[in-house]
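Asker: I have a structure here, written as structure tokens, and I will follow up with some questions on it.
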Amino acid sequence: MSIVRIGAGAGFQGDRIDPAVDLARRGELDFLVFECLAERTIALAQLAKLKNPILGFDPLLERRMRAVLPHCARSGTRIVTNMGAANPRAAAERTSAIALELGLRDLKVAAVLGDDVLDRVGPLILDETGQRADALGDRLVSANAYIGVASIVEALDHGADVVICGRASDPALFLAPLIHSFGWAPDDWTRLGRGTLVGHLLECAAQVTGGYFADPGVKDVPGLANLGFPIAEVSADGNAVITKLAGTGGLVTRATCAEQMLYEIHDPARYYQPDVIADFSMVTLEEIARDRVAVHGADGHAATGKFKVSVGYRDGWLGEGQISYGGSNCVGRGELAGAVLRERLADVRDSIFEDRVDLIGWNSISPGRARGDAPAEVRLRYAARCSDRDSALRIGEEVEGLYLNGPAGGGGVFGSVREIIGIASTFIDAADVTPSIAFMEIPHEIT
């Protein structure tokens, strides 16, 4: 293949579905990649799986697959995704069942397994605490290694139309189809570095087509309501052109690509991935036509032989309450309400690890703001991380009590309680992680 066309169908779990359908329908893609996992997402998925062993995959998997599978099957577009989250096998089984319902009986679906290293993480030292992971005891929920391309490539080599992973590295979802298509060697560091850049530019989907870029009057983006998702046209040498579908909103420019290239990058010269250390320090971005940016010059170095591990653990309960104050002296009344709440919650103070009072519209983003022109309204948010659910419930109850128990003029109360999943990280030797693939030979229904 001289050019491989890869589209980004999602950049996070709750991403919009319509732009992915547009790509599947008229993108003339070789691959459509859905990148849907964040650090906390997979830990929450593990909790769902603990409650029900047939769950733990992306809650939008069914909607996405029903929407794109017919188009992808018709055009020969293959799908790679990490929507498997904590349960790739169940996600693959469900996808096979959906394909059968849609009449796509020949669709070949593979699950990539083996990123779950909960049984091996105990002795590893957590970066955030300096302690062993097993010091968390029964608070430990999940441990998933960021695996690389090997099993994804293997699944594609064996003819998979849909490859569903758990916690793979985000760029690896895009790099693997390129390795499969072009036959790059596992130590071709330059091409692996370039393919990693392609993956990094596409992994957040609409961020590179103007979504996260838009700032009206400063960085205007046309047609934001009809924002298109990006496509990479990748050559055999790993260099690429980033673009989008004609007729969609947004834009692809040198600036949108530059912002995304630097997004979540600590050192552009050493971007650590499971398969390569990518080097973006000499990259050039050139606008060769409207909504077409040529990307050249990425490089790479030998991988470290270690995989990052994302560790999820129970970290208490979040209790939250909100109430609005408007009109004259609304800031003063909001401040008084916050002080009153802390005083009334003194009896559960020992159960509160930390708390904060925000006046949204005044100091929630910029704490310590000095008084100036008074805003027309503020929304008080009181939130506390508590040791137990009952203490967390008290937060919303006391905020609701402000209705008639002062200050004056409060309204629009909201309260919530949820368990907090903390995230820590460590590293594991790649040799201690053994990914594998499983094909769904006989689709069956999951209820």
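If you're wondering about the labels, chains in the structure tokens are A, B, ... by order shown, residues count from 1 in each chain, ligands from 1 in order shown.
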Per residue of region 311-360 of chain A within 10 Å of region 21-40 of chain A, record the nearest atom pair and its distance in Å to one decimal, counting only C-alpha atoms, with rows in chain order and ascending residue number, as CSV.

Answerer:
residue,atom,partner,partner_atom,distance
A:Val311,CA,A:Glu39,CA,8.5
A:Gly312,CA,A:Arg40,CA,7.2
A:Tyr313,CA,A:Arg40,CA,9.8

Asker: Can you spit out the residues from that selection as a PDB file, in the first residue's frame, using N, CA, C and O atoms?

Answerer:
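Saved to again_28.pdb:
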ATOM      1  N   VAL A 311      -2.856   2.325  37.968  1.00  0.00           N
ATOM      2  CA  VAL A 311      -3.377   1.628  39.148  1.00  0.00           C
ATOM      3  C   VAL A 311      -4.572   2.400  39.698  1.00  0.00           C
ATOM      4  O   VAL A 311      -4.463   3.593  39.993  1.00  0.00           O
ATOM      5  N   GLY A 312      -5.697   1.731  39.816  1.00  0.00           N
ATOM      6  CA  GLY A 312      -6.890   2.357  40.378  1.00  0.00           C
ATOM      7  C   GLY A 312      -7.159   1.853  41.782  1.00  0.00           C
ATOM      8  O   GLY A 312      -6.996   0.665  42.065  1.00  0.00           O
ATOM      9  N   TYR A 313      -7.558   2.758  42.671  1.00  0.00           N
ATOM     10  CA  TYR A 313      -7.815   2.361  44.056  1.00  0.00           C
ATOM     11  C   TYR A 313      -8.947   3.211  44.645  1.00  0.00           C
ATOM     12  O   TYR A 313      -9.190   4.343  44.221  1.00  0.00           O
TER      13      TYR A 313
END

Asker: Please, what distance in Å, to one decimal, runs between CA of Arg64 (chain A) and CA of Leu104 (chain A)?

Answerer: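 Between CA of Arg64 (chain A) and CA of Leu104 (chain A) the gap is 15.4 Å.
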
Asker: Near Gly326 (chain A), counting only C-alpha atoms, which residues have an atom at most 9 Å away, once you skip same-chain residues fewer than 4 positions from it, shown as a list in words?

Answerer: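 Those residues are Cys330, Val331, Pro375, Ala376, Glu377, Val378, Arg379, Gly409, Gly410 and Gly411 of chain A.
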
Asker: Let me see the file: selected residues, C-alpha atoms, as a short mmCIF file (atom, residue, chain, number, x, y, z; two decimals), in the first residue's frame.

Answerer:
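Final file, result-v4.cif:
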data_model
loop_
_atom_site.label_atom_id
_atom_site.label_comp_id
_atom_site.auth_asym_id
_atom_site.auth_seq_id
_atom_site.Cartn_x
_atom_site.Cartn_y
_atom_site.Cartn_z
CA CYS A 330 -24.53 37.59 46.15
CA VAL A 331 -20.80 37.04 46.76
CA PRO A 375 -20.98 39.64 39.64
CA ALA A 376 -24.72 39.35 39.10
CA GLU A 377 -24.84 35.83 40.45
CA VAL A 378 -22.68 33.07 41.91
CA ARG A 379 -23.18 29.37 42.45
CA GLY A 409 -32.22 34.09 48.38
CA GLY A 410 -30.65 30.72 47.66
CA GLY A 411 -32.11 28.48 44.96
#

Asker: Can you list, as a list in words, every protein, DNA or RNA residue that comes within 9 Å of Ala10 (chain A) when you count only C-alpha atoms, leaving out same-chain residues fewer than 5 positions away?

Answerer: Asp15, Arg16, Ile17, Pro19, Ala20, Val33, Phe34, Glu35, Cys36, Glu203, Cys204, Ala205, Ala206 and Phe229 of chain A

Asker: Could you save the residues just selected, with N, CA and C atoms, as a PDB file, in the first residue's frame?

Answerer:
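result33.pdb written:
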ATOM      1  N   ASP A  15     -17.438  10.702  23.555  1.00  0.00           N
ATOM      2  CA  ASP A  15     -17.350  11.518  22.349  1.00  0.00           C
ATOM      3  C   ASP A  15     -18.590  11.363  21.469  1.00  0.00           C
ATOM      4  N   ARG A  16     -18.755  12.337  20.573  1.00  0.00           N
ATOM      5  CA  ARG A  16     -19.899  12.337  19.657  1.00  0.00           C
ATOM      6  C   ARG A  16     -19.785  11.175  18.669  1.00  0.00           C
ATOM      7  N   ILE A  17     -20.943  10.642  18.257  1.00  0.00           N
ATOM      8  CA  ILE A  17     -20.969   9.491  17.370  1.00  0.00           C
ATOM      9  C   ILE A  17     -21.151   9.898  15.907  1.00  0.00           C
ATOM     10  N   PRO A  19     -19.936  12.247  13.888  1.00  0.00           N
ATOM     11  CA  PRO A  19     -18.765  12.435  13.027  1.00  0.00           C
ATOM     12  C   PRO A  19     -18.079  11.119  12.655  1.00  0.00           C
ATOM     13  N   ALA A  20     -18.120  10.137  13.559  1.00  0.00           N
ATOM     14  CA  ALA A  20     -17.548   8.825  13.246  1.00  0.00           C
ATOM     15  C   ALA A  20     -18.361   8.129  12.161  1.00  0.00           C
ATOM     16  N   VAL A  33     -10.369   4.271  13.978  1.00  0.00           N
ATOM     17  CA  VAL A  33      -9.874   3.998  15.330  1.00  0.00           C
ATOM     18  C   VAL A  33     -10.709   4.781  16.348  1.00  0.00           C
ATOM     19  N   PHE A  34     -11.199   4.069  17.351  1.00  0.00           N
ATOM     20  CA  PHE A  34     -11.938   4.691  18.456  1.00  0.00           C
ATOM     21  C   PHE A  34     -11.063   4.632  19.705  1.00  0.00           C
ATOM     22  N   GLU A  35     -10.585   5.788  20.154  1.00  0.00           N
ATOM     23  CA  GLU A  35      -9.756   5.857  21.362  1.00  0.00           C
ATOM     24  C   GLU A  35     -10.629   6.412  22.473  1.00  0.00           C
ATOM     25  N   CYS A  36     -10.977   5.571  23.444  1.00  0.00           N
ATOM     26  CA  CYS A  36     -12.030   5.921  24.409  1.00  0.00           C
ATOM     27  C   CYS A  36     -11.621   5.793  25.876  1.00  0.00           C
ATOM     28  N   GLU A 203      -5.341  10.891  18.189  1.00  0.00           N
ATOM     29  CA  GLU A 203      -5.945  10.164  19.303  1.00  0.00           C
ATOM     30  C   GLU A 203      -7.022  10.958  20.033  1.00  0.00           C
ATOM     31  N   CYS A 204      -6.980  12.270  19.995  1.00  0.00           N
ATOM     32  CA  CYS A 204      -7.993  13.083  20.666  1.00  0.00           C
ATOM     33  C   CYS A 204      -9.042  13.590  19.684  1.00  0.00           C
ATOM     34  N   ALA A 205      -9.084  12.983  18.506  1.00  0.00           N
ATOM     35  CA  ALA A 205     -10.117  13.248  17.501  1.00  0.00           C
ATOM     36  C   ALA A 205     -10.242  14.742  17.217  1.00  0.00           C
ATOM     37  N   ALA A 206     -11.376  15.345  17.567  1.00  0.00           N
ATOM     38  CA  ALA A 206     -11.676  16.705  17.135  1.00  0.00           C
ATOM     39  C   ALA A 206     -10.777  17.767  17.746  1.00  0.00           C
ATOM     40  N   PHE A 229     -14.221  14.958  12.274  1.00  0.00           N
ATOM     41  CA  PHE A 229     -13.113  14.255  12.902  1.00  0.00           C
ATOM     42  C   PHE A 229     -11.975  14.078  11.894  1.00  0.00           C
TER      43      PHE A 229
END

Asker: Quick one: pull the distance between CA of Leu224 (chain A) and CA of Thr243 (chain A), Å, one decimal.

Answerer: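 Rounded to one decimal, the two atoms are 15.8 Å apart.
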
Asker: Need the shell around region 91-94 of chain A: protein/DNA/RNA residues with any atom at most 10 Å away, counting only C-alpha atoms. Skip same-chain ones fewer than 5 positions apart. Format as a PyMOL selection string?

Answerer: chain A and resi 54-59+61-62+65+82-86+99-100+108-112+162-166+438-447

Asker: How many Å separate CA of Arg139 (chain A) from CA of Arg314 (chain A)?

Answerer: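 Interatomic distance here is 4.9 Å.
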
Asker: Would you pick out the contacts of Phe427 (chain A) at 12 Å or less, using only C-alpha atoms, so that residues sharing its chain but fewer than 6 positions from it are not included, and give the list as a ChimeraX atom specification?

Answerer: /A:117,120-127,132-133,143-147,272-274,304-311,433

Asker: May I have the residues within 8 Å of Arg385 (chain A) as a VMD selection string, using only C-alpha atoms and disregarding those fewer than 6 positions away in the same chain?

Answerer: chain A and resid 316 to 319 352 to 355 392

Asker: Would you please work out which residue, of A:Ala246, A:Phe213, A:Ile277, A:Ala431, is nearest to Glu259 (chain A) when using only C-alpha atoms?

Answerer: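 When distances to Glu259 (chain A) are compared using only C-alpha atoms, the smallest one comes from A:Phe213.
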
Asker: Step one, run DSSP on the backbone; step two, keep only residues of region 3-247 of chain A assigned to strand (DSSP E); then write them as a ChimeraX atom specification.

Answerer: /A:3-10,31-34,78-81,109-113,140-145,162-164,230-235,240-244

Asker: Region 338-432 of chain A: which residues are helix (DSSP H, G or I) by DSSP, as an MDAnalysis selection string?

Answerer: chainID A and resid 338:344 346:351 389:401 430:432

Asker: Closest to Pro230 (chain A) among A:His301, A:His266, A:Lys244, A:Arg342, using only C-alpha atoms?

Answerer: A:Lys244

Asker: Taking only C-alpha atoms into account, which of A:Cys386, A:Ala67, A:Ala214, A:Cys257 comes nearest Leu197 (chain A)?

Answerer: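 Using only C-alpha atoms, the shortest distance to Leu197 (chain A) belongs to A:Cys257.
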
Asker: May I ask which of the residues A:His180, A:Arg389, A:Arg191, A:Arg394 is the closest one to Glu419 (chain A), counting only C-alpha atoms?

Answerer: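 Among the listed residues, the smallest separation from Glu419 (chain A) belongs to A:Arg389.
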